[in-house]
Amino acid sequence: MLALKSFLFVALIANISLGQIMDTAEHKELYNYQINRTEYKDKLRGFWLGSCIANWTGLPTENRRTDFPFFTDEDFGPGKYDYVLNEDPWGADDDTDIEYVYQHAMEKYNNFMLTGEQISTEWQKHIGLPKLWVSNLAALGQMQNGAIPPDTSLPENNPMWDMIDAQLTTEIFGAFAPGRPDIALKIGNLPVRTTAYLHSQWAAEFYIIMYSLTSVVDRSISRKDQILWLAEQARKRIPDWSYIADMYDFAKTAFDANLDKDNWEKTRDEIARRYQHNVTAGYQYKYPWDSGINFAASMVSLFYGEGDYKKTIRIGAMCGWDSDNPTATWGGLLGLLYGYQELETQFNKTDFADTYDIARTRFNMPIPLDNFTDMAERGIDIIDGIVKAMGGTIKGDIWIIPAMNSEIAAPLVQETVVPWLTIEDSDPGWKFNGFESHSENWNASGSTLAKGYASCTAELNFTGTAVQYYAYRSPGGGTVEILIDGTSYGEFSLENHTSIHGQYYVKIFEKLNLKYGNHSIQIIGDANDSEKTLDMLSIIEEPNFKE
């Protein structure tokens with residue numbers, strides 16, 4: 001096993017320019033792709049519309065069923081959960097709005113290889129509470145405190161590194177590099193690594209690859225076979241030891257073996273038993289918004305949807321867990337594959353709203369009420385630049401894109417174990433005096449947050465070699481004293497005036513290199529009535545782990 005830091009930049013792409021990573025000479029002997037720009041603009045419009053229909057169709061079931069009994073097909077239809085088609089304007093949500101900000105950033109900086117500094121600047125200007133969650137929120141807090149991606153995704157900084165976030169915020173980079181998944185992975189690398197690491201990174205890259213290849217899939221085969229081919233290509237990117245690979249392989253095998261292709265619930269239930277109710281392939285279920293369980297669920301809707309937009313989205317909405325996220329991913333993929341006009345045909349509807357309300361969730365955008373037509377046109381301009389940078393040309397209305405000179409392959413990374421484990425404030429091992437764990441705090445880890453006031457105390461015994469304390473800092477926050485094994489390590493402020501909403505997932509304290517064994521941590525609030533909080537601890541249990 002590799003220690004965490006030895007993996008830090010293995011098989012990852014450094015911050016270098018497109019000019020440095022694209023050698024046109026490599027492609028001289030290879031054939032080219034020819035893609036019509038006007039037709040692709042229709043597909044980009046389809047991406048935005050397809051994402052929004054699927055997002056808003058999946059939202060009503062989001063985290064409603066995260067264990068047995070799950071929803072089934074019987075719960076979907078008129079008068080029940082149903083397709084959402086008549087939003088006007090389409091409201092931004094986290095499944096589309098961060099991608100929108102990334103497109104804006106590429107336009108603003110005239111740079112498709114966004115730097116960590118550029119990402120941090122745009123996040124802090126446009127992205128924030130209240131509509132921000134888990135790894136996205138943990139990354140933002142770090143940026144506000146001076147950290148730069150990719151450090152914002154490292155497990156020692158971001159306890160939510162293995163959540164779903166990058167899977168719903170970076171697919172657009174595949175759309176920006178039609179036919180060239182290698183380029184898509186390069187331009188999407190830092191955006192992915194803003195919030196994702198290891199398994200969650202590879203899940204996000206799986207989707208990026210599928211998006212990129214939609215423009216070169218064989219149109220003579222069935223939609224089902226097109227989808228299966230796209231998925232098979234993307235699977236090549238995932239190291240076999242990753243639980244993401246195990247989830248793909250299991251779902252695909254279960255689908256192939258199931259003679260009743262309408263009984264998708266059978267495979268969904270098998271996935272719940274295999275990955276949620278048991279530890280399999282190194283995956284330990286934590287939250288309904290885990291990267292892992294939602295990737296596995298997304299394979300159910302992908303395979304059983306068989307390339308049919310309506311069926312895929314229906315299954316995704318009924319599948320369970322964080323259901324709007326995989327749904328939006330496939331809605332965008334199929335919208336990109338179909339194009340806008342075919343979505344109109346699918347729903348026999350030609351009056352979809354074209355407007356997109358980015359101001360619903362994101363701040364200070366130059367066009368608060370945008371529209372899919374203009375968004376697609378600006379996307380074409382971005383792709384024009386990427387095509388030229390990769391050594392392609394534009395002839396009339398046609399992109400001439402040099403083909404990849406190698407196969408998609410998994411990074412050469414040895415099996416790696418992340419040692420950090422989280423302990424929630426709701427864990428029964430805590431001894432609270434004046435603290436109380438509150439549920440449905442959706443911006444906090446596990447949606448629970450412990451709060452206390454004057455002279456509150458919290459104590460937990462743990463076994464391991466390192467401990468971190470994460471809390472919520474707010475304008476009304478007080479101070480806490482931290483003791484490890486009875487020794488005081490000082491007082492720490494929980495006050496923050498970054499915004500009226502404060503900061504979540506903030507690392508207040510860490511103690512590394514403890515002698516392996518049993519330890520205790522005490523969190524002691526000051527005597528004032530100011531708010532003290534406890535979101536989680538992150539610990540290293542492994543006796544031989546070395547930083």
# chains A, B, ... in the order shown; residues from 1 in each chain; ligands from 1
>>> select_by_dssp(residues="stretch 111-184 of chain A", states="helix (DSSP H, G or I)", output="ChimeraX atom specification")
/A:116-126,134-144,151-153,165-168,172-175,181-184
>>> residues_around(residues="A:Leu228", least_positions_apart="6", cutoff="9 Å", atoms="only C-alpha atoms", output="list in words")
Leu302, Phe303, Glu306 and Gly307 of chain A
>>> write_last_selection(atoms="N, CA, C and O atoms", output="CSV table (one decimal), in the first residue's frame")
chain,number,residue,atom,x,y,z
A,302,LEU,N,-28.2,3.9,-16.5
A,302,LEU,CA,-27.5,4.0,-17.8
A,302,LEU,C,-27.8,2.7,-18.5
A,302,LEU,O,-28.3,2.7,-19.7
A,303,PHE,N,-27.5,1.5,-17.9
A,303,PHE,CA,-27.7,0.2,-18.6
A,303,PHE,C,-29.1,-0.1,-18.9
A,303,PHE,O,-29.5,-0.4,-20.1
A,306,GLU,N,-30.9,2.0,-21.6
A,306,GLU,CA,-30.6,1.6,-23.0
A,306,GLU,C,-30.6,2.7,-24.0
A,306,GLU,O,-31.0,2.5,-25.1
A,307,GLY,N,-30.2,3.9,-23.6
A,307,GLY,CA,-30.1,5.0,-24.5
A,307,GLY,C,-31.3,5.7,-24.7
A,307,GLY,O,-31.3,6.7,-25.5
>>> closest_residue(among="A:Thr170, A:Ser445, A:Thr479, A:Gln226", to="A:Asp535", atoms="only C-alpha atoms")
A:Ser445
>>> closest_residue(among="A:Ile183, A:Val101, A:Ile221, A:Cys52", to="A:Ala359", atoms="only C-alpha atoms")
A:Val101
>>> closest_residue(among="A:Met404, A:Leu534, A:Leu230, A:Ala184", to="A:Leu334", atoms="only C-alpha atoms")
A:Leu230
>>> residues_around(residues="stretch 282-298 of chain A", least_positions_apart="6", cutoff="7 Å", atoms="only C-alpha atoms", output="CSV table (one decimal) with N, CA and C atoms, in the first residue's frame")
chain,number,residue,atom,x,y,z
A,63,ASN,N,-32.7,12.0,-2.1
A,63,ASN,CA,-32.5,11.5,-0.7
A,63,ASN,C,-33.8,11.2,0.0
A,66,THR,N,-33.2,6.2,0.7
A,66,THR,CA,-31.7,5.9,0.7
A,66,THR,C,-31.5,4.5,1.3
A,162,ASP,N,-14.4,12.1,-1.0
A,162,ASP,CA,-15.0,11.0,-1.7
A,162,ASP,C,-16.5,11.1,-1.9
A,163,MET,N,-17.0,12.3,-1.9
A,163,MET,CA,-18.4,12.5,-2.2
A,163,MET,C,-18.6,12.7,-3.7
A,164,ILE,N,-19.9,13.0,-4.0
A,164,ILE,CA,-20.3,13.0,-5.4
A,164,ILE,C,-20.0,14.2,-6.2
A,200,SER,N,-13.4,9.1,-6.3
A,200,SER,CA,-14.3,10.1,-6.8
A,200,SER,C,-13.8,10.9,-8.0
A,203,ALA,N,-14.5,8.5,-11.0
A,203,ALA,CA,-15.9,8.5,-11.3
A,203,ALA,C,-16.2,9.7,-12.2
A,243,TYR,N,-12.8,0.8,-6.1
A,243,TYR,CA,-14.2,0.4,-6.0
A,243,TYR,C,-15.1,0.9,-7.1
A,244,ILE,N,-14.7,2.0,-7.8
A,244,ILE,CA,-15.5,2.4,-8.9
A,244,ILE,C,-15.5,1.4,-10.0
A,247,MET,N,-17.8,-1.5,-9.0
A,247,MET,CA,-19.2,-1.1,-9.1
A,247,MET,C,-19.7,-1.2,-10.6
A,248,TYR,N,-18.8,-0.7,-11.5
A,248,TYR,CA,-19.1,-0.8,-12.9
A,248,TYR,C,-19.3,-2.2,-13.3
A,251,ALA,N,-22.4,-4.0,-11.8
A,251,ALA,CA,-23.7,-3.5,-12.4
A,251,ALA,C,-23.8,-4.0,-13.8
A,268,ARG,N,-30.6,-2.7,-8.8
A,268,ARG,CA,-30.5,-1.6,-7.8
A,268,ARG,C,-30.5,-2.2,-6.4
A,275,TYR,N,-23.1,-3.0,-1.6
A,275,TYR,CA,-22.2,-1.8,-1.3
A,275,TYR,C,-22.7,-1.0,-0.1
A,276,GLN,N,-24.0,-1.0,0.2
A,276,GLN,CA,-24.4,-0.2,1.4
A,276,GLN,C,-24.5,-1.0,2.6
A,316,GLY,N,-33.4,6.7,-13.2
A,316,GLY,CA,-32.5,7.5,-12.3
A,316,GLY,C,-33.3,8.2,-11.2
A,319,CYS,N,-34.2,5.5,-8.6
A,319,CYS,CA,-33.2,4.6,-8.2
A,319,CYS,C,-32.8,4.8,-6.7
A,321,TRP,N,-31.0,7.3,-3.3
A,321,TRP,CA,-29.9,8.1,-2.9
A,321,TRP,C,-30.0,9.5,-3.4
A,322,ASP,N,-28.9,10.0,-3.9
A,322,ASP,CA,-28.9,11.5,-4.4
A,322,ASP,C,-29.4,11.5,-5.8
A,326,PRO,N,-27.1,11.7,-10.6
A,326,PRO,CA,-26.9,10.8,-11.7
A,326,PRO,C,-27.9,11.1,-12.8
A,446,GLY,N,-22.9,14.8,7.0
A,446,GLY,CA,-24.0,13.9,7.5
A,446,GLY,C,-25.3,14.6,7.9
>>> closest_residue(among="A:Ala196, A:Ala376, A:Ile53, A:Val300", to="A:Asp88", atoms="only C-alpha atoms")
A:Ile53
>>> closest_atom_pairs(of="stretch 319-386 of chain A", to="stretch 120-129 of chain A", cutoff="6 Å", atoms="only C-alpha atoms", output="CSV")
residue,atom,partner,partner_atom,distance
A:Arg362,CA,A:His126,CA,5.4
A:Phe363,CA,A:His126,CA,4.6
A:Asn364,CA,A:His126,CA,5.9
>>> write_last_selection(atoms="all heavy atoms", output="short mmCIF file (atom, residue, chain, number, x, y, z; two decimals), in the first residue's frame")
data_model
loop_
_atom_site.label_atom_id
_atom_site.label_comp_id
_atom_site.auth_asym_id
_atom_site.auth_seq_id
_atom_site.Cartn_x
_atom_site.Cartn_y
_atom_site.Cartn_z
N ARG A 362 -26.10 31.24 -8.05
CA ARG A 362 -24.74 31.76 -8.10
C ARG A 362 -24.76 33.28 -8.24
O ARG A 362 -25.68 33.85 -8.82
CB ARG A 362 -23.97 31.11 -9.25
CG ARG A 362 -23.90 29.60 -9.11
CD ARG A 362 -23.19 29.16 -7.83
NE ARG A 362 -23.47 27.77 -7.47
CZ ARG A 362 -23.79 27.36 -6.26
NH1 ARG A 362 -23.90 28.23 -5.27
NH2 ARG A 362 -24.02 26.10 -6.01
N PHE A 363 -23.73 33.90 -7.72
CA PHE A 363 -23.73 35.34 -7.49
C PHE A 363 -22.88 36.10 -8.51
O PHE A 363 -21.92 35.57 -9.06
CB PHE A 363 -23.20 35.64 -6.09
CG PHE A 363 -23.69 34.69 -5.04
CD1 PHE A 363 -22.81 33.94 -4.28
CD2 PHE A 363 -25.05 34.53 -4.83
CE1 PHE A 363 -23.27 33.05 -3.32
CE2 PHE A 363 -25.53 33.65 -3.86
CZ PHE A 363 -24.63 32.91 -3.11
N ASN A 364 -23.23 37.36 -8.72
CA ASN A 364 -22.39 38.30 -9.46
C ASN A 364 -22.08 37.83 -10.88
O ASN A 364 -21.03 38.19 -11.43
CB ASN A 364 -21.06 38.54 -8.71
CG ASN A 364 -21.26 38.97 -7.28
OD1 ASN A 364 -22.07 39.85 -7.00
ND2 ASN A 364 -20.53 38.34 -6.36
#
>>> closest_residue(among="A:Gly146, A:Val506, A:Gln468, A:Trp90", to="A:Glu117", atoms="only C-alpha atoms")
A:Gly146
>>> residues_around(residues="A:Met160", least_positions_apart="2", cutoff="8 Å", atoms="only C-alpha atoms", output="list in words")
Val134, Ser135, Ala138, Pro155, Asn158, Asp162 and Met163 of chain A
>>> atom_distance(atom1="atom CA of A:Arg219", atom2="atom CA of A:Gln233")
16.0 Å
>>> select_by_dssp(residues="stretch 7-126 of chain A", states="strand (DSSP E or B)", output="list in words")
Asn32, Tyr33, Gln34, Ile35, Asn36, Phe76, Tyr81, Trp90 and Gly91 of chain A
>>> write_last_selection(atoms="N, CA and C atoms", output="PDB file, in the first residue's frame")
ATOM      1  N   ASN A  32      -8.580  12.008 -39.188  1.00  0.00           N
ATOM      2  CA  ASN A  32      -9.214  13.117 -38.490  1.00  0.00           C
ATOM      3  C   ASN A  32     -10.704  12.869 -38.322  1.00  0.00           C
ATOM      4  N   TYR A  33     -11.257  13.486 -37.293  1.00  0.00           N
ATOM      5  CA  TYR A  33     -12.710  13.553 -37.150  1.00  0.00           C
ATOM      6  C   TYR A  33     -13.200  14.833 -37.810  1.00  0.00           C
ATOM      7  N   GLN A  34     -14.347  14.763 -38.451  1.00  0.00           N
ATOM      8  CA  GLN A  34     -14.970  15.952 -39.004  1.00  0.00           C
ATOM      9  C   GLN A  34     -16.327  16.129 -38.331  1.00  0.00           C
ATOM     10  N   ILE A  35     -16.491  17.235 -37.637  1.00  0.00           N
ATOM     11  CA  ILE A  35     -17.697  17.487 -36.847  1.00  0.00           C
ATOM     12  C   ILE A  35     -18.274  18.829 -37.256  1.00  0.00           C
ATOM     13  N   ASN A  36     -19.559  18.833 -37.566  1.00  0.00           N
ATOM     14  CA  ASN A  36     -20.246  20.048 -37.990  1.00  0.00           C
ATOM     15  C   ASN A  36     -20.531  20.937 -36.779  1.00  0.00           C
ATOM     16  N   PHE A  76     -43.796   6.222 -10.367  1.00  0.00           N
ATOM     17  CA  PHE A  76     -43.551   7.249 -11.382  1.00  0.00           C
ATOM     18  C   PHE A  76     -44.696   7.300 -12.373  1.00  0.00           C
ATOM     19  N   TYR A  81     -44.596  11.070  -9.054  1.00  0.00           N
ATOM     20  CA  TYR A  81     -43.379  11.704  -9.548  1.00  0.00           C
ATOM     21  C   TYR A  81     -43.397  11.617 -11.073  1.00  0.00           C
ATOM     22  N   TRP A  90     -35.615  27.941 -16.540  1.00  0.00           N
ATOM     23  CA  TRP A  90     -35.020  26.799 -15.868  1.00  0.00           C
ATOM     24  C   TRP A  90     -34.116  27.319 -14.760  1.00  0.00           C
ATOM     25  N   GLY A  91     -34.342  26.822 -13.562  1.00  0.00           N
ATOM     26  CA  GLY A  91     -33.553  27.282 -12.429  1.00  0.00           C
ATOM     27  C   GLY A  91     -32.208  26.589 -12.363  1.00  0.00           C
TER      28      GLY A  91
END
>>> closest_residue(among="A:His104, A:Lys236, A:Lys41, A:Arg64", to="A:Pro368", atoms="only C-alpha atoms")
A:His104
>>> residues_around(residues="A:Thr355", least_positions_apart="5", cutoff="7 Å", atoms="only C-alpha atoms", output="PyMOL selection string")
chain A and resi 88-90+369-372
>>> residues_around(residues="A:Leu213", least_positions_apart="4", cutoff="7 Å", atoms="only C-alpha atoms", output="ChimeraX atom specification")
/A:178-179,181,209,217,230
>>> decode(residues="stretch 406-420 of chain A", atoms="all heavy atoms", output="PDB file, in the first residue's frame")
ATOM      1  N   SER A 406      -3.455   7.282 -28.971  1.00  0.00           N
ATOM      2  CA  SER A 406      -3.295   6.165 -28.039  1.00  0.00           C
ATOM      3  C   SER A 406      -4.656   5.781 -27.477  1.00  0.00           C
ATOM      4  O   SER A 406      -5.634   6.524 -27.614  1.00  0.00           O
ATOM      5  CB  SER A 406      -2.345   6.546 -26.901  1.00  0.00           C
ATOM      6  OG  SER A 406      -2.856   7.652 -26.179  1.00  0.00           O
ATOM      7  N   GLU A 407      -4.705   4.623 -26.845  1.00  0.00           N
ATOM      8  CA  GLU A 407      -5.942   4.151 -26.234  1.00  0.00           C
ATOM      9  C   GLU A 407      -6.163   4.815 -24.877  1.00  0.00           C
ATOM     10  O   GLU A 407      -5.212   5.240 -24.210  1.00  0.00           O
ATOM     11  CB  GLU A 407      -5.885   2.632 -26.052  1.00  0.00           C
ATOM     12  CG  GLU A 407      -5.978   1.829 -27.335  1.00  0.00           C
ATOM     13  CD  GLU A 407      -7.365   1.890 -27.956  1.00  0.00           C
ATOM     14  OE1 GLU A 407      -8.356   1.837 -27.209  1.00  0.00           O
ATOM     15  OE2 GLU A 407      -7.449   2.001 -29.191  1.00  0.00           O
ATOM     16  N   ILE A 408      -7.411   4.899 -24.473  1.00  0.00           N
ATOM     17  CA  ILE A 408      -7.717   5.314 -23.103  1.00  0.00           C
ATOM     18  C   ILE A 408      -7.155   4.260 -22.157  1.00  0.00           C
ATOM     19  O   ILE A 408      -7.301   3.056 -22.382  1.00  0.00           O
ATOM     20  CB  ILE A 408      -9.238   5.436 -22.898  1.00  0.00           C
ATOM     21  CG1 ILE A 408      -9.812   6.511 -23.825  1.00  0.00           C
ATOM     22  CG2 ILE A 408      -9.579   5.749 -21.445  1.00  0.00           C
ATOM     23  CD1 ILE A 408     -11.323   6.488 -23.922  1.00  0.00           C
ATOM     24  N   ALA A 409      -6.498   4.700 -21.115  1.00  0.00           N
ATOM     25  CA  ALA A 409      -5.888   3.753 -20.183  1.00  0.00           C
ATOM     26  C   ALA A 409      -5.987   4.283 -18.763  1.00  0.00           C
ATOM     27  O   ALA A 409      -6.067   5.495 -18.528  1.00  0.00           O
ATOM     28  CB  ALA A 409      -4.424   3.522 -20.547  1.00  0.00           C
ATOM     29  N   ALA A 410      -5.995   3.354 -17.816  1.00  0.00           N
ATOM     30  CA  ALA A 410      -6.009   3.722 -16.404  1.00  0.00           C
ATOM     31  C   ALA A 410      -4.643   4.257 -15.994  1.00  0.00           C
ATOM     32  O   ALA A 410      -3.616   3.833 -16.531  1.00  0.00           O
ATOM     33  CB  ALA A 410      -6.370   2.512 -15.552  1.00  0.00           C
ATOM     34  N   PRO A 411      -4.595   5.200 -15.071  1.00  0.00           N
ATOM     35  CA  PRO A 411      -3.302   5.673 -14.579  1.00  0.00           C
ATOM     36  C   PRO A 411      -2.565   4.543 -13.867  1.00  0.00           C
ATOM     37  O   PRO A 411      -3.182   3.672 -13.249  1.00  0.00           O
ATOM     38  CB  PRO A 411      -3.677   6.793 -13.604  1.00  0.00           C
ATOM     39  CG  PRO A 411      -5.087   6.501 -13.208  1.00  0.00           C
ATOM     40  CD  PRO A 411      -5.725   5.855 -14.391  1.00  0.00           C
ATOM     41  N   LEU A 412      -1.247   4.563 -13.950  1.00  0.00           N
ATOM     42  CA  LEU A 412      -0.430   3.513 -13.335  1.00  0.00           C
ATOM     43  C   LEU A 412      -0.206   3.860 -11.865  1.00  0.00           C
ATOM     44  O   LEU A 412       0.843   4.374 -11.466  1.00  0.00           O
ATOM     45  CB  LEU A 412       0.894   3.377 -14.078  1.00  0.00           C
ATOM     46  CG  LEU A 412       0.777   2.971 -15.553  1.00  0.00           C
ATOM     47  CD1 LEU A 412       2.155   2.939 -16.210  1.00  0.00           C
ATOM     48  CD2 LEU A 412       0.086   1.617 -15.690  1.00  0.00           C
ATOM     49  N   VAL A 413      -1.221   3.581 -11.079  1.00  0.00           N
ATOM     50  CA  VAL A 413      -1.204   3.916  -9.661  1.00  0.00           C
ATOM     51  C   VAL A 413      -1.390   2.643  -8.856  1.00  0.00           C
ATOM     52  O   VAL A 413      -2.350   1.900  -9.072  1.00  0.00           O
ATOM     53  CB  VAL A 413      -2.328   4.916  -9.323  1.00  0.00           C
ATOM     54  CG1 VAL A 413      -2.328   5.248  -7.841  1.00  0.00           C
ATOM     55  CG2 VAL A 413      -2.181   6.177 -10.151  1.00  0.00           C
ATOM     56  N   GLN A 414      -0.489   2.390  -7.925  1.00  0.00           N
ATOM     57  CA  GLN A 414      -0.646   1.240  -7.058  1.00  0.00           C
ATOM     58  C   GLN A 414      -1.858   1.438  -6.142  1.00  0.00           C
ATOM     59  O   GLN A 414      -2.277   2.565  -5.871  1.00  0.00           O
ATOM     60  CB  GLN A 414       0.607   1.044  -6.205  1.00  0.00           C
ATOM     61  CG  GLN A 414       1.861   0.721  -7.002  1.00  0.00           C
ATOM     62  CD  GLN A 414       3.042   0.506  -6.086  1.00  0.00           C
ATOM     63  OE1 GLN A 414       2.929  -0.156  -5.054  1.00  0.00           O
ATOM     64  NE2 GLN A 414       4.191   1.053  -6.469  1.00  0.00           N
ATOM     65  N   GLU A 415      -2.377   0.327  -5.668  1.00  0.00           N
ATOM     66  CA  GLU A 415      -3.528   0.402  -4.765  1.00  0.00           C
ATOM     67  C   GLU A 415      -3.170   1.257  -3.554  1.00  0.00           C
ATOM     68  O   GLU A 415      -2.134   1.076  -2.920  1.00  0.00           O
ATOM     69  CB  GLU A 415      -3.946  -0.994  -4.318  1.00  0.00           C
ATOM     70  CG  GLU A 415      -5.201  -0.997  -3.484  1.00  0.00           C
ATOM     71  CD  GLU A 415      -5.748  -2.388  -3.246  1.00  0.00           C
ATOM     72  OE1 GLU A 415      -5.194  -3.351  -3.827  1.00  0.00           O
ATOM     73  OE2 GLU A 415      -6.723  -2.513  -2.489  1.00  0.00           O
ATOM     74  N   THR A 416      -4.021   2.214  -3.281  1.00  0.00           N
ATOM     75  CA  THR A 416      -3.749   3.228  -2.272  1.00  0.00           C
ATOM     76  C   THR A 416      -4.891   3.280  -1.263  1.00  0.00           C
ATOM     77  O   THR A 416      -6.056   3.290  -1.642  1.00  0.00           O
ATOM     78  CB  THR A 416      -3.605   4.615  -2.938  1.00  0.00           C
ATOM     79  OG1 THR A 416      -2.627   4.528  -3.972  1.00  0.00           O
ATOM     80  CG2 THR A 416      -3.197   5.673  -1.935  1.00  0.00           C
ATOM     81  N   VAL A 417      -4.538   3.330  -0.003  1.00  0.00           N
ATOM     82  CA  VAL A 417      -5.533   3.435   1.055  1.00  0.00           C
ATOM     83  C   VAL A 417      -5.447   4.822   1.686  1.00  0.00           C
ATOM     84  O   VAL A 417      -4.372   5.246   2.118  1.00  0.00           O
ATOM     85  CB  VAL A 417      -5.322   2.362   2.142  1.00  0.00           C
ATOM     86  CG1 VAL A 417      -6.280   2.587   3.313  1.00  0.00           C
ATOM     87  CG2 VAL A 417      -5.525   0.972   1.554  1.00  0.00           C
ATOM     88  N   VAL A 418      -6.539   5.536   1.700  1.00  0.00           N
ATOM     89  CA  VAL A 418      -6.606   6.817   2.407  1.00  0.00           C
ATOM     90  C   VAL A 418      -6.849   6.525   3.884  1.00  0.00           C
ATOM     91  O   VAL A 418      -7.848   5.896   4.239  1.00  0.00           O
ATOM     92  CB  VAL A 418      -7.727   7.699   1.840  1.00  0.00           C
ATOM     93  CG1 VAL A 418      -7.906   8.953   2.694  1.00  0.00           C
ATOM     94  CG2 VAL A 418      -7.412   8.084   0.397  1.00  0.00           C
ATOM     95  N   PRO A 419      -5.976   6.965   4.764  1.00  0.00           N
ATOM     96  CA  PRO A 419      -6.089   6.559   6.173  1.00  0.00           C
ATOM     97  C   PRO A 419      -7.102   7.353   6.987  1.00  0.00           C
ATOM     98  O   PRO A 419      -7.499   6.912   8.063  1.00  0.00           O
ATOM     99  CB  PRO A 419      -4.677   6.799   6.706  1.00  0.00           C
ATOM    100  CG  PRO A 419      -4.181   7.956   5.889  1.00  0.00           C
ATOM    101  CD  PRO A 419      -4.758   7.757   4.514  1.00  0.00           C
ATOM    102  N   TRP A 420      -7.510   8.520   6.505  1.00  0.00           N
ATOM    103  CA  TRP A 420      -8.379   9.380   7.305  1.00  0.00           C
ATOM    104  C   TRP A 420      -9.807   8.816   7.359  1.00  0.00           C
ATOM    105  O   TRP A 420     -10.426   8.553   6.339  1.00  0.00           O
ATOM    106  CB  TRP A 420      -8.414  10.790   6.728  1.00  0.00           C
ATOM    107  CG  TRP A 420      -7.124  11.521   6.907  1.00  0.00           C
ATOM    108  CD1 TRP A 420      -6.169  11.745   5.953  1.00  0.00           C
ATOM    109  CD2 TRP A 420      -6.634  12.124   8.109  1.00  0.00           C
ATOM    110  NE1 TRP A 420      -5.117  12.452   6.487  1.00  0.00           N
ATOM    111  CE2 TRP A 420      -5.372  12.700   7.807  1.00  0.00           C
ATOM    112  CE3 TRP A 420      -7.138  12.226   9.405  1.00  0.00           C
ATOM    113  CZ2 TRP A 420      -4.613  13.375   8.764  1.00  0.00           C
ATOM    114  CZ3 TRP A 420      -6.380  12.904  10.356  1.00  0.00           C
ATOM    115  CH2 TRP A 420      -5.136  13.464  10.046  1.00  0.00           C
TER     116      TRP A 420
END
